[in-house]
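What follows is the content of model_9.pdb (PDB, C-alpha atoms).
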MODEL        1
ATOM      1  CA  MET A 217      -5.297   1.468 -15.924
ATOM      2  CA  ILE A 218      -2.079  -0.410 -15.272
ATOM      3  CA  THR A 219      -0.981  -0.841 -11.650
ATOM      4  CA  ILE A 220       2.638  -1.596 -10.751
ATOM      5  CA  LEU A 221       3.317  -2.572  -7.161
ATOM      6  CA  GLY A 222       6.210  -4.089  -5.296
ATOM      7  CA  PRO A 223       8.305  -3.839  -2.150
ATOM      8  CA  THR A 224      10.824  -1.108  -1.548
ATOM      9  CA  ALA A 225      13.996  -1.362  -3.668
ATOM     10  CA  SER A 226      12.319  -3.591  -6.275
ATOM     11  CA  GLY A 227      12.752  -1.050  -9.087
ATOM     12  CA  LYS A 228       9.031  -0.430  -9.619
ATOM     13  CA  THR A 229       9.361   3.318 -10.246
ATOM     14  CA  THR A 230      11.954   2.865 -12.976
ATOM     15  CA  LEU A 231       9.775   0.188 -14.540
ATOM     16  CA  ALA A 232       6.687   2.411 -14.395
ATOM     17  CA  ALA A 233       8.579   5.298 -16.025
ATOM     18  CA  HIS A 234       9.817   3.138 -18.906
ATOM     19  CA  LEU A 235       6.321   1.716 -19.328
ATOM     20  CA  ALA A 236       4.906   5.247 -19.419
ATOM     21  CA  ALA A 237       7.453   6.215 -22.086
ATOM     22  CA  ALA A 238       6.358   3.245 -24.214
ATOM     23  CA  THR A 239       2.608   3.784 -23.774
ATOM     24  CA  ASP A 240       2.248   7.581 -23.667
ATOM     25  CA  GLY A 241       1.413   7.231 -19.997
ATOM     26  CA  GLU A 242       1.486   9.261 -16.813
ATOM     27  CA  ILE A 243       2.228   7.944 -13.327
ATOM     28  CA  ILE A 244       0.010   8.274 -10.277
ATOM     29  CA  SER A 245       2.091   7.663  -7.159
ATOM     30  CA  ALA A 246       0.741   5.326  -4.480
ATOM     31  CA  ASP A 247       3.177   6.175  -1.706
ATOM     32  CA  SER A 248       1.894   7.491   1.616
ATOM     33  CA  ARG A 249       5.026   9.563   2.348
ATOM     34  CA  GLN A 250       6.048  10.899  -1.060
ATOM     35  CA  VAL A 251       3.068  13.247  -0.889
ATOM     36  CA  TYR A 252       5.106  15.507   1.423
ATOM     37  CA  ARG A 253       7.181  18.385   0.092
ATOM     38  CA  ARG A 254      10.857  18.677   1.085
ATOM     39  CA  MET A 255      10.872  15.060   2.271
ATOM     40  CA  ASP A 256      12.777  13.804  -0.741
ATOM     41  CA  ILE A 257      15.734  11.623   0.191
ATOM     42  CA  GLY A 258      14.090   9.835   3.111
ATOM     43  CA  THR A 259      10.964   8.951   1.138
ATOM     44  CA  GLY A 260      12.986   7.779  -1.860
ATOM     45  CA  LYS A 261      11.300   9.990  -4.429
ATOM     46  CA  ASP A 262      14.199   9.442  -6.834
ATOM     47  CA  LEU A 263      12.689  11.984  -9.222
ATOM     48  CA  ALA A 264      15.484  11.328 -11.720
ATOM     49  CA  ASP A 265      13.828   7.958 -12.369
ATOM     50  CA  TYR A 266      10.971   9.819 -14.091
ATOM     51  CA  THR A 267      13.298  10.865 -16.904
ATOM     52  CA  VAL A 268      13.617   8.267 -19.667
ATOM     53  CA  GLY A 269      16.110   9.279 -22.335
ATOM     54  CA  ASP A 270      15.339  12.933 -22.994
ATOM     55  CA  ARG A 271      11.697  12.566 -21.964
ATOM     56  CA  GLN A 272      10.234  13.736 -18.635
ATOM     57  CA  ILE A 273       7.459  11.393 -17.547
ATOM     58  CA  PRO A 274       4.561  13.270 -15.897
ATOM     59  CA  TYR A 275       3.811  12.174 -12.342
ATOM     60  CA  HIS A 276       1.003  12.940  -9.909
ATOM     61  CA  LEU A 277       0.412  12.896  -6.107
ATOM     62  CA  ILE A 278       4.000  13.679  -5.199
ATOM     63  CA  ASP A 279       4.800  16.908  -3.297
ATOM     64  CA  ILE A 280       1.162  17.801  -2.612
ATOM     65  CA  ALA A 281       1.180  18.175   1.220
ATOM     66  CA  GLU A 282       3.225  20.075   3.764
ATOM     67  CA  PRO A 283       5.502  18.219   6.214
ATOM     68  CA  GLY A 284       4.012  18.071   9.680
ATOM     69  CA  THR A 285       0.497  17.479   8.372
ATOM     70  CA  HIS A 286      -1.156  14.065   8.489
ATOM     71  CA  TYR A 287      -2.171  13.058   4.977
ATOM     72  CA  ASN A 288      -4.604  10.126   5.032
ATOM     73  CA  LEU A 289      -6.356   7.494   2.969
ATOM     74  CA  PHE A 290      -9.536   9.557   2.568
ATOM     75  CA  ARG A 291      -7.584  12.440   1.014
ATOM     76  CA  TYR A 292      -5.563  10.059  -1.132
ATOM     77  CA  GLN A 293      -8.654   8.496  -2.638
ATOM     78  CA  GLN A 294     -10.035  11.929  -3.515
ATOM     79  CA  ASP A 295      -6.720  13.045  -5.021
ATOM     80  CA  PHE A 296      -6.388   9.788  -6.951
ATOM     81  CA  HIS A 297      -9.790  10.181  -8.589
ATOM     82  CA  ARG A 298      -8.961  13.727  -9.686
ATOM     83  CA  ALA A 299      -5.599  12.675 -11.148
ATOM     84  CA  TYR A 300      -7.069   9.609 -12.854
ATOM     85  CA  ALA A 301      -9.904  11.615 -14.443
ATOM     86  CA  ASP A 302      -7.422  14.237 -15.659
ATOM     87  CA  ILE A 303      -5.066  11.684 -17.246
ATOM     88  CA  ALA A 304      -7.802   9.561 -18.825
ATOM     89  CA  GLY A 305      -9.642  12.662 -19.995
ATOM     90  CA  ARG A 306      -6.594  13.677 -22.041
ATOM     91  CA  GLY A 307      -6.365  10.242 -23.631
ATOM     92  CA  ARG A 308      -3.191   9.260 -21.801
ATOM     93  CA  GLN A 309      -2.450   5.898 -20.127
ATOM     94  CA  PRO A 310      -2.848   6.068 -16.309
ATOM     95  CA  ILE A 311      -0.200   4.023 -14.462
ATOM     96  CA  LEU A 312      -0.643   3.608 -10.706
ATOM     97  CA  CYS A 313       2.708   2.859  -9.072
ATOM     98  CA  GLY A 314       3.769   2.437  -5.464
ATOM     99  CA  GLY A 315       4.247   0.302  -2.425
ATOM    100  CA  THR A 316       1.545   1.486  -0.013
ATOM    101  CA  GLY A 317      -0.753  -1.510  -0.252
ATOM    102  CA  LEU A 318      -3.680   0.067   1.584
ATOM    103  CA  TYR A 319      -3.745   3.049  -0.789
ATOM    104  CA  ILE A 320      -3.539   0.785  -3.832
ATOM    105  CA  GLU A 321      -6.241  -1.581  -2.641
ATOM    106  CA  ALA A 322      -8.533   1.272  -1.605
ATOM    107  CA  VAL A 323      -8.633   2.739  -5.106
ATOM    108  CA  LEU A 324      -8.655  -0.571  -6.950
ATOM    109  CA  LYS A 325     -11.559  -1.918  -4.901
ATOM    110  CA  GLY A 326     -13.371   1.375  -4.622
ATOM    111  CA  TYR A 327     -13.471   1.566  -0.836
ATOM    112  CA  ARG A 328     -16.178   3.931   0.345
ATOM    113  CA  LEU A 329     -14.574   6.093   2.988
ATOM    114  CA  ALA A 330     -15.962   8.369   5.651
ATOM    115  CA  VAL A 331     -13.992  11.021   7.504
ATOM    116  CA  VAL A 332     -13.376   9.772  11.041
ATOM    117  CA  PRO A 333     -13.341  12.735  13.447
ATOM    118  CA  GLU A 334     -10.854  13.121  16.277
ATOM    119  CA  ASN A 335     -11.949  11.601  19.575
ATOM    120  CA  THR A 336     -10.279  13.897  22.110
ATOM    121  CA  GLU A 337     -11.493  11.879  25.113
ATOM    122  CA  LEU A 338     -10.099   8.658  23.671
ATOM    123  CA  ARG A 339      -6.814  10.325  22.760
ATOM    124  CA  ALA A 340      -6.444  11.667  26.285
ATOM    125  CA  ARG A 341      -6.943   8.158  27.713
ATOM    126  CA  LEU A 342      -4.385   6.646  25.361
ATOM    127  CA  GLU A 343      -1.753   9.375  25.678
ATOM    128  CA  GLY A 344       1.455   8.015  27.171
ATOM    129  CA  LYS A 345       0.649   4.338  26.722
ATOM    130  CA  PRO A 346       3.522   2.276  25.254
ATOM    131  CA  LEU A 347       3.316   1.126  21.643
ATOM    132  CA  ASP A 348       3.120  -2.558  22.616
ATOM    133  CA  GLU A 349       0.014  -1.939  24.735
ATOM    134  CA  LEU A 350      -1.591   0.140  21.982
ATOM    135  CA  ALA A 351      -0.874  -2.624  19.469
ATOM    136  CA  VAL A 352      -2.728  -5.155  21.629
ATOM    137  CA  MET A 353      -5.707  -2.815  21.932
ATOM    138  CA  LEU A 354      -5.747  -2.267  18.176
ATOM    139  CA  ALA A 355      -5.534  -5.981  17.437
ATOM    140  CA  GLU A 356      -8.560  -6.648  19.647
ATOM    141  CA  LEU A 357     -10.576  -3.882  17.988
ATOM    142  CA  LYS A 358      -9.651  -5.218  14.550
ATOM    143  CA  ARG A 359     -10.702  -8.715  15.598
ATOM    144  CA  ARG A 360     -14.097  -7.465  16.780
ATOM    145  CA  ASN A 361     -14.589  -5.358  13.656
ATOM    146  CA  GLY A 362     -13.272  -7.959  11.229
ATOM    147  CA  SER A 363     -11.062  -5.145   9.938
ATOM    148  CA  THR A 364      -8.093  -5.292   7.558
ATOM    149  CA  MET A 365      -7.525  -1.528   7.454
ATOM    150  CA  HIS A 366      -4.341  -1.245   9.511
ATOM    151  CA  ASN A 367      -1.241  -3.421   9.459
ATOM    152  CA  LYS A 368       2.027  -3.000  11.362
ATOM    153  CA  THR A 369       3.401  -0.754   8.618
ATOM    154  CA  ASP A 370       0.745   1.833   9.452
ATOM    155  CA  VAL A 371       1.165   1.781  13.235
ATOM    156  CA  ASP A 372       4.894   1.764  13.938
ATOM    157  CA  THR A 373       4.644   4.764  16.285
ATOM    158  CA  ALA A 374       2.349   5.454  19.238
ATOM    159  CA  LYS A 375       0.742   8.408  17.452
ATOM    160  CA  ARG A 376      -0.115   6.270  14.425
ATOM    161  CA  ALA A 377      -1.447   3.494  16.673
ATOM    162  CA  ILE A 378      -3.692   5.932  18.545
ATOM    163  CA  ARG A 379      -5.133   7.198  15.268
ATOM    164  CA  ALA A 380      -5.756   3.605  14.132
ATOM    165  CA  ILE A 381      -7.501   2.827  17.434
ATOM    166  CA  GLU A 382      -9.542   5.998  16.977
ATOM    167  CA  ILE A 383     -10.693   4.821  13.544
ATOM    168  CA  GLU A 384     -11.439   1.275  14.668
ATOM    169  CA  THR A 385     -13.349   2.604  17.692
ATOM    170  CA  PHE A 386     -15.422   4.801  15.380
ATOM    171  CA  ILE A 387     -16.181   1.757  13.200
ATOM    172  CA  GLU A 388     -17.293  -0.240  16.236
ATOM    173  CA  LEU A 389     -19.537   2.557  17.517
ATOM    174  CA  HIS A 390     -20.987   3.417  14.093
ATOM    175  CA  PRO A 391     -21.599   0.115  12.266
ATOM    176  CA  ASP A 392     -24.014   1.868   9.902
ATOM    177  CA  VAL A 393     -21.261   4.125   8.492
ATOM    178  CA  ASP A 394     -19.101   2.709   5.695
ATOM    179  CA  VAL A 395     -15.595   3.715   6.727
ATOM    180  CA  ALA A 396     -13.992   1.184   4.380
ATOM    181  CA  SER A 397     -16.220  -1.279   2.612
ATOM    182  CA  ASP A 398     -16.049  -2.783  -0.838
ATOM    183  CA  ASN A 399     -17.938  -0.980  -3.574
ATOM    184  CA  ARG A 400     -17.682  -1.243  -7.360
ATOM    185  CA  PRO A 401     -14.075  -0.903  -8.581
ATOM    186  CA  SER A 402     -13.310   2.715  -9.411
ATOM    187  CA  ALA A 403     -11.246   1.807 -12.464
ATOM    188  CA  ASP A 404     -10.437  -1.381 -14.348
ATOM    189  CA  SER A 405      -6.782  -2.229 -13.884
ATOM    190  CA  ILE A 406      -4.346  -4.959 -14.685
ATOM    191  CA  ILE A 407      -2.057  -5.399 -11.661
ATOM    192  CA  ILE A 408       1.647  -6.057 -12.122
ATOM    193  CA  GLY A 409       3.799  -7.080  -9.173
ATOM    194  CA  VAL A 410       7.587  -6.745  -9.236
ATOM    195  CA  ASN A 411       8.971  -9.927  -7.707
ATOM    196  CA  ILE A 412      12.465  -9.658  -6.262
ATOM    197  CA  ASP A 413      14.490 -12.346  -4.525
ATOM    198  CA  ARG A 414      14.702 -11.775  -0.765
ATOM    199  CA  ASP A 415      18.507 -11.752  -0.643
ATOM    200  CA  GLU A 416      18.731  -9.319  -3.569
ATOM    201  CA  ARG A 417      16.080  -7.121  -1.977
ATOM    202  CA  ARG A 418      18.035  -7.026   1.277
ATOM    203  CA  ARG A 419      21.263  -6.208  -0.576
ATOM    204  CA  ARG A 420      19.586  -3.338  -2.422
ATOM    205  CA  ILE A 421      17.993  -1.970   0.741
ATOM    206  CA  THR A 422      21.311  -1.795   2.593
ATOM    207  CA  SER A 423      23.111  -0.303  -0.408
ATOM    208  CA  ARG A 424      20.389   2.287  -0.950
ATOM    209  CA  LEU A 425      20.350   3.249   2.721
ATOM    210  CA  ARG A 426      24.086   3.966   2.646
ATOM    211  CA  GLN A 427      23.646   5.954  -0.569
ATOM    212  CA  ARG A 428      20.841   8.084   0.851
ATOM    213  CA  LEU A 429      22.809   8.864   3.980
ATOM    214  CA  ASP A 430      25.742   9.882   1.771
ATOM    215  CA  GLU A 431      23.374  12.067  -0.285
ATOM    216  CA  GLY A 432      22.376  14.072   2.788
ATOM    217  CA  MET A 433      19.401  12.408   4.454
ATOM    218  CA  VAL A 434      20.557  13.606   7.873
ATOM    219  CA  ASP A 435      20.845  17.180   6.583
ATOM    220  CA  GLU A 436      17.364  16.902   5.086
ATOM    221  CA  VAL A 437      15.925  15.995   8.492
ATOM    222  CA  ARG A 438      17.891  18.783  10.193
ATOM    223  CA  ALA A 439      16.488  21.283   7.670
ATOM    224  CA  LEU A 440      12.935  20.107   8.342
ATOM    225  CA  LEU A 441      13.441  20.473  12.089
ATOM    226  CA  ASP A 442      15.063  23.888  11.620
ATOM    227  CA  SER A 443      12.041  25.000   9.591
ATOM    228  CA  GLY A 444       9.878  24.548  12.691
ATOM    229  CA  ILE A 445       8.471  21.065  12.184
ATOM    230  CA  ASN A 446       8.077  19.255  15.504
ATOM    231  CA  ALA A 447      10.339  16.230  16.009
ATOM    232  CA  ASP A 448       7.367  14.068  17.020
ATOM    233  CA  ASP A 449       5.642  14.936  13.757
ATOM    234  CA  LEU A 450       8.656  13.698  11.798
ATOM    235  CA  ILE A 451       8.918  10.571  13.949
ATOM    236  CA  TYR A 452       5.240   9.951  13.128
ATOM    237  CA  TYR A 453       6.196   9.311   9.504
ATOM    238  CA  GLY A 454       8.239   6.286  10.547
ATOM    239  CA  LEU A 455      11.267   4.538   9.043
ATOM    240  CA  GLU A 456      13.931   7.018   7.873
ATOM    241  CA  TYR A 457      12.282  10.019   9.501
ATOM    242  CA  LYS A 458      11.760   8.221  12.787
ATOM    243  CA  TYR A 459      15.322   6.987  13.256
ATOM    244  CA  VAL A 460      17.189   9.870  11.644
ATOM    245  CA  THR A 461      15.184  12.358  13.719
ATOM    246  CA  GLU A 462      15.993  10.409  16.890
ATOM    247  CA  TYR A 463      19.676  10.585  15.896
ATOM    248  CA  VAL A 464      19.563  14.317  15.130
ATOM    249  CA  ILE A 465      17.907  15.188  18.457
ATOM    250  CA  GLY A 466      20.423  13.034  20.331
ATOM    251  CA  ARG A 467      18.336  10.064  21.458
ATOM    252  CA  ILE A 468      20.500   7.510  19.639
ATOM    253  CA  GLY A 469      23.963   7.404  18.073
ATOM    254  CA  TYR A 470      24.790   7.169  14.380
ATOM    255  CA  ASP A 471      25.689   3.463  14.324
ATOM    256  CA  GLU A 472      22.567   2.597  16.340
ATOM    257  CA  MET A 473      20.472   4.674  13.970
ATOM    258  CA  PHE A 474      21.875   2.859  10.939
ATOM    259  CA  GLY A 475      21.383  -0.581  12.460
ATOM    260  CA  LEU A 476      17.849   0.046  13.676
ATOM    261  CA  LEU A 477      16.842   1.693  10.409
ATOM    262  CA  GLU A 478      18.300  -1.069   8.286
ATOM    263  CA  ILE A 479      16.333  -3.675  10.262
ATOM    264  CA  ALA A 480      13.151  -1.566  10.105
ATOM    265  CA  ILE A 481      13.326  -1.195   6.310
ATOM    266  CA  HIS A 482      13.896  -4.928   5.850
ATOM    267  CA  GLN A 483      10.864  -5.608   8.043
ATOM    268  CA  PHE A 484       8.856  -2.992   6.150
ATOM    269  CA  ALA A 485       9.600  -4.658   2.802
ATOM    270  CA  LYS A 486       8.537  -8.014   4.221
ATOM    271  CA  ARG A 487       5.250  -6.506   5.439
ATOM    272  CA  GLN A 488       4.670  -4.960   2.024
ATOM    273  CA  MET A 489       4.901  -8.406   0.440
ATOM    274  CA  THR A 490       2.567  -9.791   3.110
ATOM    275  CA  TRP A 491       0.010  -7.121   2.166
ATOM    276  CA  PHE A 492       0.313  -7.877  -1.559
ATOM    277  CA  ARG A 493      -0.152 -11.609  -0.933
ATOM    278  CA  GLY A 494      -3.172 -10.678   1.157
ATOM    279  CA  MET A 495      -4.561  -8.731  -1.802
ATOM    280  CA  GLU A 496      -4.346 -11.920  -3.837
ATOM    281  CA  ARG A 497      -6.238 -13.836  -1.151
ATOM    282  CA  ARG A 498      -8.870 -11.083  -1.170
ATOM    283  CA  GLY A 499      -9.443 -11.546  -4.894
ATOM    284  CA  SER A 500      -6.937  -9.299  -6.683
ATOM    285  CA  SER A 501      -5.131 -10.984  -9.566
ATOM    286  CA  ILE A 502      -1.482  -9.912  -9.585
ATOM    287  CA  HIS A 503       0.786 -10.785 -12.513
ATOM    288  CA  TRP A 504       4.301 -11.087 -11.108
ATOM    289  CA  VAL A 505       7.331 -10.158 -13.212
ATOM    290  CA  ASP A 506      10.946 -10.889 -12.324
ATOM    291  CA  ALA A 507      12.741  -7.776 -11.098
ATOM    292  CA  MET A 508      16.022  -9.045 -12.533
ATOM    293  CA  LEU A 509      14.821  -9.184 -16.157
ATOM    294  CA  PRO A 510      16.080  -6.439 -18.496
ATOM    295  CA  ILE A 511      13.799  -3.405 -18.398
ATOM    296  CA  GLU A 512      12.841  -3.829 -22.061
ATOM    297  CA  GLU A 513      11.640  -7.391 -21.444
ATOM    298  CA  LYS A 514       9.563  -6.341 -18.449
ATOM    299  CA  VAL A 515       7.925  -3.503 -20.365
ATOM    300  CA  ALA A 516       7.155  -5.773 -23.325
ATOM    301  CA  GLU A 517       5.631  -8.392 -21.006
ATOM    302  CA  ILE A 518       3.418  -5.808 -19.285
ATOM    303  CA  ILE A 519       2.207  -4.397 -22.608
ATOM    304  CA  ARG A 520       1.398  -7.915 -23.786
ATOM    305  CA  LEU A 521      -0.532  -8.670 -20.606
ATOM    306  CA  ALA A 522      -2.399  -5.364 -20.851
ATOM    307  CA  GLU A 523      -3.383  -5.974 -24.459
ATOM    308  CA  ASN A 524      -4.571  -9.506 -23.674
ATOM    309  CA  SER A 525      -6.681  -8.240 -20.804
ATOM    310  CA  ARG A 526      -8.656  -5.816 -22.968
TER     311      ARG A 526
ENDMDL
END
This structure in structure tokens:
Amino acid sequence: MITILGPTASGKTTLAAHLAAATDGEIISADSRQVYRRMDIGTGKDLADYTVGDRQIPYHLIDIAEPGTHYNLFRYQQDFHRAYADIAGRGRQPILCGGTGLYIEAVLKGYRLAVVPENTELRARLEGKPLDELAVMLAELKRRNGSTMHNKTDVDTAKRAIRAIEIETFIELHPDVDVASDNRPSADSIIIGVNIDRDERRRRITSRLRQRLDEGMVDEVRALLDSGINADDLIYYGLEYKYVTEYVIGRIGYDEMFGLLEIAIHQFAKRQMTWFRGMERRGSSIHWVDAMLPIEEKVAEIIRLAENSR
């Protein structure tokens, strides 16, 4: 397998699609929000990127869950294995592509996962606590558990933080259950990282945010709310859906929404890079390619690296 990872706005999807066109490949998405149907603009699906010339590149694990549901790592790992087996079984090249570091690392390292049940008593105790207080509680639990499962990207709302505390509490109370421990790698993979200069990344993020708002991101959120999805469920998904929902329901104004969202996406991209550097410290070898190189040069370099790794 070939894995392509990188921060938001680095051009990894376009690169993966061109690589798939050159290698008879299919793409497995590693994005925790693109699994949801009808959440297209805000999650940056950019499905047009999967067309190279006159060829439609097959993709997997996009549009597989309903908005308002809480897709999780356990389900992702199961879905990944099914998609990988299907692609490899047909003799095609599997290409894992995305920016959700936890999902990527879980399948590359073969994390053994257990379903963590809801703890209604714990949830009742935590209900209404501010995010800052929940973050402190989570940090202490992680310290005691020696856990790397949740970073700030995963817990940017109170609901997400409560779920993370629920999982870490389960780990502490059930040390004999492997919620996330290293096992044999599920699939051999060469890992390619798309390296983009910080200033260029920030420029692209701001430009893309304006473009997505112009393309109707606010209307997309309104349509989701009108379809009966609870505002808190959309806010749970973070970033675009958090701030645009708060604007639509009248909590903040448009300019405040744009400013807060722009800052949040910049911070998100920085945390993505922190996770990827952490993967390297934890033993993953990532081959970094320059985002600014012509697409043909990047594809040729990845194919060369893949052939040399065999």
Would you kindly return, as a PDB file with C-alpha atoms, in the coordinates of the input, each protein, DNA or RNA residue with an atom no farther than 10 Å from any atom of A:Ala233, considering all atoms listed in the file and excluding same-chain residues fewer than 2 positions away?
ATOM      1  CA  LYS A 228       9.031  -0.430  -9.619  1.00  0.00           C
ATOM      2  CA  THR A 229       9.361   3.318 -10.246  1.00  0.00           C
ATOM      3  CA  THR A 230      11.954   2.865 -12.976  1.00  0.00           C
ATOM      4  CA  LEU A 231       9.775   0.188 -14.540  1.00  0.00           C
ATOM      5  CA  LEU A 235       6.321   1.716 -19.328  1.00  0.00           C
ATOM      6  CA  ALA A 236       4.906   5.247 -19.419  1.00  0.00           C
ATOM      7  CA  ALA A 237       7.453   6.215 -22.086  1.00  0.00           C
ATOM      8  CA  ALA A 238       6.358   3.245 -24.214  1.00  0.00           C
ATOM      9  CA  THR A 239       2.608   3.784 -23.774  1.00  0.00           C
ATOM     10  CA  GLY A 241       1.413   7.231 -19.997  1.00  0.00           C
ATOM     11  CA  GLU A 242       1.486   9.261 -16.813  1.00  0.00           C
ATOM     12  CA  ILE A 243       2.228   7.944 -13.327  1.00  0.00           C
ATOM     13  CA  ASP A 265      13.828   7.958 -12.369  1.00  0.00           C
ATOM     14  CA  TYR A 266      10.971   9.819 -14.091  1.00  0.00           C
ATOM     15  CA  THR A 267      13.298  10.865 -16.904  1.00  0.00           C
ATOM     16  CA  VAL A 268      13.617   8.267 -19.667  1.00  0.00           C
ATOM     17  CA  ARG A 271      11.697  12.566 -21.964  1.00  0.00           C
ATOM     18  CA  GLN A 272      10.234  13.736 -18.635  1.00  0.00           C
ATOM     19  CA  ILE A 273       7.459  11.393 -17.547  1.00  0.00           C
ATOM     20  CA  PRO A 274       4.561  13.270 -15.897  1.00  0.00           C
ATOM     21  CA  TYR A 275       3.811  12.174 -12.342  1.00  0.00           C
ATOM     22  CA  ILE A 311      -0.200   4.023 -14.462  1.00  0.00           C
ATOM     23  CA  CYS A 313       2.708   2.859  -9.072  1.00  0.00           C
ATOM     24  CA  VAL A 515       7.925  -3.503 -20.365  1.00  0.00           C
TER      25      VAL A 515
END
Which value, in Å to one decimal, gives the distance between atom CA of A:Leu354 and atom CA of A:Arg498?
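It comes out at 21.5 Å.
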Using only C-alpha atoms, find the one residue out of A:Leu440, A:Val323, A:Val332, A:Ile412 that sits nearest to A:Arg253.
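Counting only C-alpha atoms, the residue closest to A:Arg253 is A:Leu440.
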If you count only C-alpha atoms, the residue of A:Thr219, A:Gln309, A:Leu357, A:Val437 closest to A:Tyr453 turns out to be A:Val437
Quick check, in Å to one decimal: how far apart do atom CA of A:Asp256 and atom CA of A:Ser423 lie?
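A separation of 17.5 Å between them.
Straight-line separation from atom CA of A:Leu312 to atom CA of A:Met217: 7.3 Å.
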Going by the chain IDs and residue numbers used in this file, which residues fall under the PyMOL selection byres ((chain A and resi 279) around 7)? Write them as a list in words.
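This file gives the following for the PyMOL selection byres ((chain A and resi 279) around 7): Gln250, Val251, Tyr252, Arg253, Leu277, Ile278, Ile280 and Ala281 of chain A.
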Which residue gives the smallest distance to A:Asp435 among A:Asn411, A:Asp247, A:Thr461, A:Phe474, with all atoms listed in the file counted?
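Using all atoms listed in the file, A:Asp435 sits closest to A:Thr461.
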Check the smallest atom-to-atom distance from each of A:Arg308, A:Gly409, A:Ile257, A:Glu349 to A:Glu431 using only C-alpha atoms, then report the winner.
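Closest candidate: A:Ile257.
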Exactly which residues make up the result of the PyMOL selection byres ((chain A and resi 259) around 12) on this file, given as a PyMOL selection string?
chain A and resi 224-225+247-258+260-263+278-279+283+314-315+424-425+428+433+436-437+450+453-458+481
